[in-house]
Amino acid sequence: MELRVYDLDLNRKGVIDNFQSLIWTRKYYESGTFEIYAPLTQSNIDLLKQERLVAKDGSIEVGIIESIELTDQANKKQIVVKGRFLSSLLERRLIKSTFSFNGLTEVAMNELISVVEPIPNLSTTALNGFTDKVTFQATMKNLLTIMTKLSKTSNIGFRVATDFVNKKLTFETYKGIDRSASQSANNKVIFSENFENINDTSYSYNSTLYKTKVFVGGEGEGPDRVYVELGGGEGYDLREVFVDAKDIQSMEFSTNEEYLDALKQRGQEKLSSMVEVEAFDYQTSAMGNFKYKKDYDLGDIVTIRKESWGISLNKRITGIEEVYEQGGVI
């Protein structure tokens with residue numbers, strides 16, 4: 001497998017065909033990452049420079065080099081470059097003027113691209129028609145941070161696709177497909193020890209930060225302060241948290257209802273970040289009964305079962321790590 005290298009103007013600079021290892025980590029709610037380990041040759045040094053782009057066959061994501069390590073020792077001559085995928089470019093922009101929004105989340109994500117200082121060659125694409133809605137306000141916030149919050153509360157993924165022929169970058173939104181055992185509309189994908197298509201498993205659960213009800217404080221003082229609440233629970237199941245949202249100003253919204261919806265959105269973001277953390281990490285063979293990128297992909301919901309532990313979960317695939325050694329996937 002070859003890795004193609006481009007500059008920021010999307011001009012091809014060359015290829016890397018002698019890398020020793022590539023770790024290509026895709027993520028659904030945020031920018032993915034990559035690491036390249038290659039021989040310390042003059043060609044590799046000349047190609048793998050800061051801010052260069054790295055593309056590989058079969059991947060819509062493209063990486064941008066953010067760190068470089070050169071090692072020239074008797075027993076080790078190596079260049080290591082690391083970086084994130086191109087959606088990380090959003091981190092370079094601030095939403096400087098107040099952005100108030102009430103409507104479809106997908107529309108908000110696209111409009112945010114247009115209200116910041118333009119990113120060269122980047123444009124948006126046609127909407128997918130997702131019906132998730134949001135009301136929020138943002139001032140002097142980092143674009144990638146806000147985009148990630150919107151993604152997590154709506155389950156809408158985002159990425160930057162690259163057209164090297166026409167030298168264009170495109171911001172895209174997308175959603176994974178429900179392929180779990182609990183639905184019948186799509187082909188089911190089940191990873192299970194009984195099916196012998198899962199190994200090297202690890203499971204963890206943590207409820208330390210878990211909250212079930214949030215109180216959001218808006219404008220005003222004392223008895224005149226505006227409050228909204230979301231969530232619920234009772235007895236031992238009730239876990240409360242407070243969010244100060246005085247920075248959200250009612251004057252920026254057309255109606256009081258929109259203002260209250262914005263406070264609720266802030267509360268929903270808090271609840272979304274304070275959940276029961278249940279992680280199931282596993283490996284599956286590229287040669288297994290389910291084919292990666294054919295039967296399932298990043299963002300899809302699949303069923304994972306570990307019968308001997310009594311665990312069966314329907315989980316969205318929020319991260320996939322592709323590891324290549326000497327050009328072959330492992």
# chains A, B, ... in the order shown; residues from 1 in each chain; ligands from 1
$ closest_atom_pairs --of "stretch 51-108 of chain A" --to "stretch 293-298 of chain A" --cutoff "12 Å" --atoms "only C-alpha atoms" --output "tab-separated table"
residue	atom	partner	partner_atom	distance
A:Gly58	CA	A:Lys293	CA	9.3
A:Ser59	CA	A:Lys293	CA	9.9
A:Ile60	CA	A:Lys293	CA	11.4
A:Glu61	CA	A:Leu298	CA	11.7
$ select_by_dssp --residues "stretch 97-243 of chain A" --states "strand (DSSP E or B)" --output "PyMOL selection string"
chain A and resi 99-104+122-124+133-138+141-142+157-163+168-174+178+190-192+199-206+213-217+227-231+240-243
$ write_last_selection --atoms "C-alpha atoms" --output "tab-separated table (two decimals), in the first residue's frame"
chain	number	residue	atom	x	y	z
A	99	PHE	CA	-24.27	32.88	16.67
A	100	SER	CA	-27.85	32.19	17.74
A	101	PHE	CA	-29.65	29.29	16.16
A	102	ASN	CA	-33.00	27.52	16.36
A	103	GLY	CA	-33.63	24.78	13.84
A	104	LEU	CA	-32.17	21.62	12.33
A	122	LEU	CA	-13.45	24.39	2.11
A	123	SER	CA	-17.15	24.45	1.24
A	124	THR	CA	-20.28	22.65	2.43
A	133	LYS	CA	-33.22	19.95	16.07
A	134	VAL	CA	-31.21	22.28	18.28
A	135	THR	CA	-31.41	25.74	19.86
A	136	PHE	CA	-28.18	27.27	21.10
A	137	GLN	CA	-26.00	30.35	21.26
A	138	ALA	CA	-22.23	30.57	20.82
A	141	LYS	CA	-16.19	29.57	20.99
A	142	ASN	CA	-13.89	27.20	19.17
A	157	GLY	CA	-21.09	12.58	12.39
A	158	PHE	CA	-18.97	15.06	10.45
A	159	ARG	CA	-15.82	14.96	8.32
A	160	VAL	CA	-13.91	16.84	5.65
A	161	ALA	CA	-13.73	15.05	2.30
A	162	THR	CA	-11.02	15.84	-0.23
A	163	ASP	CA	-11.20	16.17	-4.02
A	168	LYS	CA	-11.61	21.13	-3.10
A	169	LEU	CA	-12.35	20.33	0.52
A	170	THR	CA	-15.94	19.56	1.49
A	171	PHE	CA	-17.49	19.59	4.95
A	172	GLU	CA	-19.90	16.67	5.19
A	173	THR	CA	-22.40	15.43	7.74
A	174	TYR	CA	-23.47	11.79	7.87
A	178	ASP	CA	-28.51	0.78	12.77
A	190	ILE	CA	-23.43	-9.22	15.55
A	191	PHE	CA	-19.96	-9.68	16.99
A	192	SER	CA	-19.97	-12.59	19.40
A	199	ASN	CA	-11.36	-11.54	20.22
A	200	ASP	CA	-9.08	-9.58	22.56
A	201	THR	CA	-12.10	-8.14	24.35
A	202	SER	CA	-12.17	-5.70	27.25
A	203	TYR	CA	-15.20	-4.19	28.99
A	204	SER	CA	-15.44	-1.30	31.43
A	205	TYR	CA	-18.24	0.51	33.25
A	206	ASN	CA	-18.09	3.70	35.29
A	213	LYS	CA	-31.27	15.71	36.01
A	214	VAL	CA	-29.87	19.14	35.23
A	215	PHE	CA	-30.94	22.59	36.41
A	216	VAL	CA	-29.85	25.42	34.13
A	217	GLY	CA	-29.66	28.98	35.43
A	227	TYR	CA	-34.29	28.38	35.43
A	228	VAL	CA	-35.07	25.37	33.27
A	229	GLU	CA	-34.69	21.70	34.11
A	230	LEU	CA	-34.25	18.50	32.13
A	231	GLY	CA	-34.12	14.83	32.93
A	240	GLU	CA	-28.65	16.26	40.00
A	241	VAL	CA	-26.28	18.87	38.58
A	242	PHE	CA	-26.41	22.64	38.05
A	243	VAL	CA	-25.26	24.57	34.97
$ residues_around --residues "stretch 151-156 of chain A" --least-positions-apart "6" --cutoff "9 Å" --atoms "only C-alpha atoms" --output "short mmCIF file (atom, residue, chain, number, x, y, z; two decimals) with N, CA and C atoms, in the first residue's frame"
data_model
loop_
_atom_site.label_atom_id
_atom_site.label_comp_id
_atom_site.auth_asym_id
_atom_site.auth_seq_id
_atom_site.Cartn_x
_atom_site.Cartn_y
_atom_site.Cartn_z
N TYR A 28 -15.89 9.10 15.18
CA TYR A 28 -17.20 9.55 14.69
C TYR A 28 -17.54 10.97 15.14
N TYR A 29 -17.28 11.27 16.40
CA TYR A 29 -17.69 12.56 16.96
C TYR A 29 -16.59 13.62 16.91
N GLU A 30 -15.42 13.28 16.48
CA GLU A 30 -14.29 14.21 16.53
C GLU A 30 -13.28 13.83 15.44
N THR A 105 -30.23 20.62 13.38
CA THR A 105 -28.82 20.53 13.78
C THR A 105 -27.90 20.49 12.57
N GLU A 106 -28.28 19.74 11.56
CA GLU A 106 -27.46 19.63 10.37
C GLU A 106 -27.28 20.99 9.69
N MET A 109 -24.75 23.03 11.70
CA MET A 109 -23.38 22.60 11.47
C MET A 109 -22.83 23.17 10.16
N PHE A 130 -31.54 15.25 7.75
CA PHE A 130 -31.68 14.78 9.13
C PHE A 130 -32.62 15.70 9.90
N ASP A 132 -33.00 16.05 13.32
CA ASP A 132 -32.62 16.45 14.67
C ASP A 132 -32.61 17.98 14.77
N LYS A 133 -33.12 18.50 15.89
CA LYS A 133 -33.22 19.95 16.07
C LYS A 133 -32.39 20.41 17.26
N VAL A 134 -32.03 21.71 17.22
CA VAL A 134 -31.21 22.28 18.28
C VAL A 134 -31.47 23.78 18.39
N THR A 173 -21.76 16.07 6.60
CA THR A 173 -22.40 15.43 7.74
C THR A 173 -22.93 14.07 7.29
N TYR A 174 -22.99 13.12 8.22
CA TYR A 174 -23.47 11.79 7.87
C TYR A 174 -23.93 11.08 9.14
N LYS A 175 -24.66 10.01 8.96
CA LYS A 175 -25.12 9.20 10.09
C LYS A 175 -24.84 7.73 9.82
N GLY A 176 -24.44 7.03 10.89
CA GLY A 176 -24.26 5.60 10.78
C GLY A 176 -25.60 4.89 10.66
N GLN A 265 -30.84 23.33 25.68
CA GLN A 265 -29.76 22.72 24.90
C GLN A 265 -28.47 22.68 25.70
N GLN A 268 -28.82 19.89 28.01
CA GLN A 268 -28.70 18.60 27.33
C GLN A 268 -27.25 18.27 27.05
N GLU A 269 -26.46 19.29 26.67
CA GLU A 269 -25.04 19.08 26.44
C GLU A 269 -24.36 18.59 27.71
N SER A 272 -25.34 15.02 28.35
CA SER A 272 -24.70 14.14 27.36
C SER A 272 -23.25 13.87 27.72
N SER A 273 -22.63 14.78 28.48
CA SER A 273 -21.24 14.60 28.87
C SER A 273 -21.09 13.89 30.22
N GLY A 299 -19.62 4.68 12.78
CA GLY A 299 -20.91 5.30 13.05
C GLY A 299 -22.08 4.34 13.10
#
$ select_by_dssp --residues "stretch 106-286 of chain A" --states "helix (DSSP H, G or I)" --output "PyMOL selection string"
chain A and resi 106-115+143-154+222-224+235-237+250-252+256-273
$ closest_residue --among "A:Thr139, A:Gln249, A:Thr212, A:Ser180" --to "A:Val226" --atoms "only C-alpha atoms"
A:Gln249
$ atom_distance --atom1 "atom CA of A:Arg26" --atom2 "atom CA of A:Ile320"
5.1 Å
$ atom_distance --atom1 "atom CA of A:Glu221" --atom2 "atom CA of A:Asn256"
17.5 Å
$ closest_residue --among "A:Glu325, A:Glu2, A:Asp224, A:Glu219" --to "A:Ile248" --atoms "only C-alpha atoms"
A:Glu219
$ closest_residue --among "A:Ile317, A:Ala55, A:Leu209, A:Met251" --to "A:Lys13" --atoms "only C-alpha atoms"
A:Ala55
$ closest_residue --among "A:Gly32, A:Lys76, A:Phe253, A:Asp7" --to "A:Thr98" --atoms "only C-alpha atoms"
A:Phe253
$ residues_around --residues "A:Ser182" --least-positions-apart "5" --cutoff "10 Å" --atoms "only C-alpha atoms" --output "list in words"
Lys188, Val302, Thr303 and Asn314 of chain A
$ closest_residue --among "A:Glu111, A:Asp72, A:Glu252, A:Glu117" --to "A:Leu94" --atoms "only C-alpha atoms"
A:Glu117
$ atom_distance --atom1 "atom CA of A:Gln183" --atom2 "atom CA of A:Glu276"
23.5 Å
$ closest_residue --among "A:Val189, A:Ile119, A:Ile45, A:Ile95" --to "A:Glu69" --atoms "only C-alpha atoms"
A:Ile45
$ decode --residues "stretch 65-121 of chain A" --atoms "C-alpha atoms" --output "compact mmCIF listing (two decimals), in the first residue's frame"
# COMPACT_ATOMS: atom_id res chain seq x y z
CA ILE A 65 0.93 16.23 9.68
CA GLU A 66 1.19 18.00 13.04
CA SER A 67 4.30 16.48 14.61
CA ILE A 68 7.57 15.05 13.31
CA GLU A 69 10.23 13.00 15.12
CA LEU A 70 13.57 12.13 13.53
CA THR A 71 15.83 9.50 15.12
CA ASP A 72 19.34 8.75 13.85
CA GLN A 73 20.96 6.18 16.14
CA ALA A 74 23.13 3.14 15.58
CA ASN A 75 20.25 0.72 15.99
CA LYS A 76 17.37 3.00 15.02
CA LYS A 77 17.01 5.28 12.01
CA GLN A 78 13.40 6.30 11.77
CA ILE A 79 11.00 9.13 11.01
CA VAL A 80 7.71 9.27 12.89
CA VAL A 81 4.95 11.67 11.90
CA LYS A 82 1.62 12.11 13.64
CA GLY A 83 -1.43 14.22 13.12
CA ARG A 84 -5.18 14.40 12.86
CA PHE A 85 -7.67 14.19 10.01
CA LEU A 86 -8.68 17.33 8.12
CA SER A 87 -11.74 18.04 10.27
CA SER A 88 -9.14 19.25 12.79
CA LEU A 89 -8.84 22.38 10.61
CA LEU A 90 -12.06 23.53 12.30
CA GLU A 91 -10.08 23.89 15.53
CA ARG A 92 -8.21 26.80 13.92
CA ARG A 93 -11.31 29.00 13.85
CA LEU A 94 -13.35 30.89 16.45
CA ILE A 95 -17.04 31.76 16.27
CA LYS A 96 -16.28 35.40 17.05
CA SER A 97 -19.67 37.08 16.65
CA THR A 98 -22.69 35.79 18.54
CA PHE A 99 -24.27 32.88 16.67
CA SER A 100 -27.85 32.19 17.74
CA PHE A 101 -29.65 29.29 16.16
CA ASN A 102 -33.00 27.52 16.36
CA GLY A 103 -33.63 24.78 13.84
CA LEU A 104 -32.17 21.62 12.33
CA THR A 105 -28.82 20.53 13.78
CA GLU A 106 -27.46 19.63 10.37
CA VAL A 107 -28.26 23.15 9.10
CA ALA A 108 -26.51 24.66 12.12
CA MET A 109 -23.38 22.60 11.47
CA ASN A 110 -23.26 23.79 7.86
CA GLU A 111 -23.96 27.43 8.72
CA LEU A 112 -21.18 27.46 11.30
CA ILE A 113 -18.69 26.79 8.50
CA SER A 114 -19.81 30.00 6.78
CA VAL A 115 -19.75 32.35 9.79
CA VAL A 116 -16.08 31.87 10.68
CA GLU A 117 -13.01 33.12 8.85
CA PRO A 118 -12.96 31.06 5.62
CA ILE A 119 -10.81 27.95 5.53
CA PRO A 120 -9.10 27.79 2.11
CA ASN A 121 -10.80 25.48 -0.43
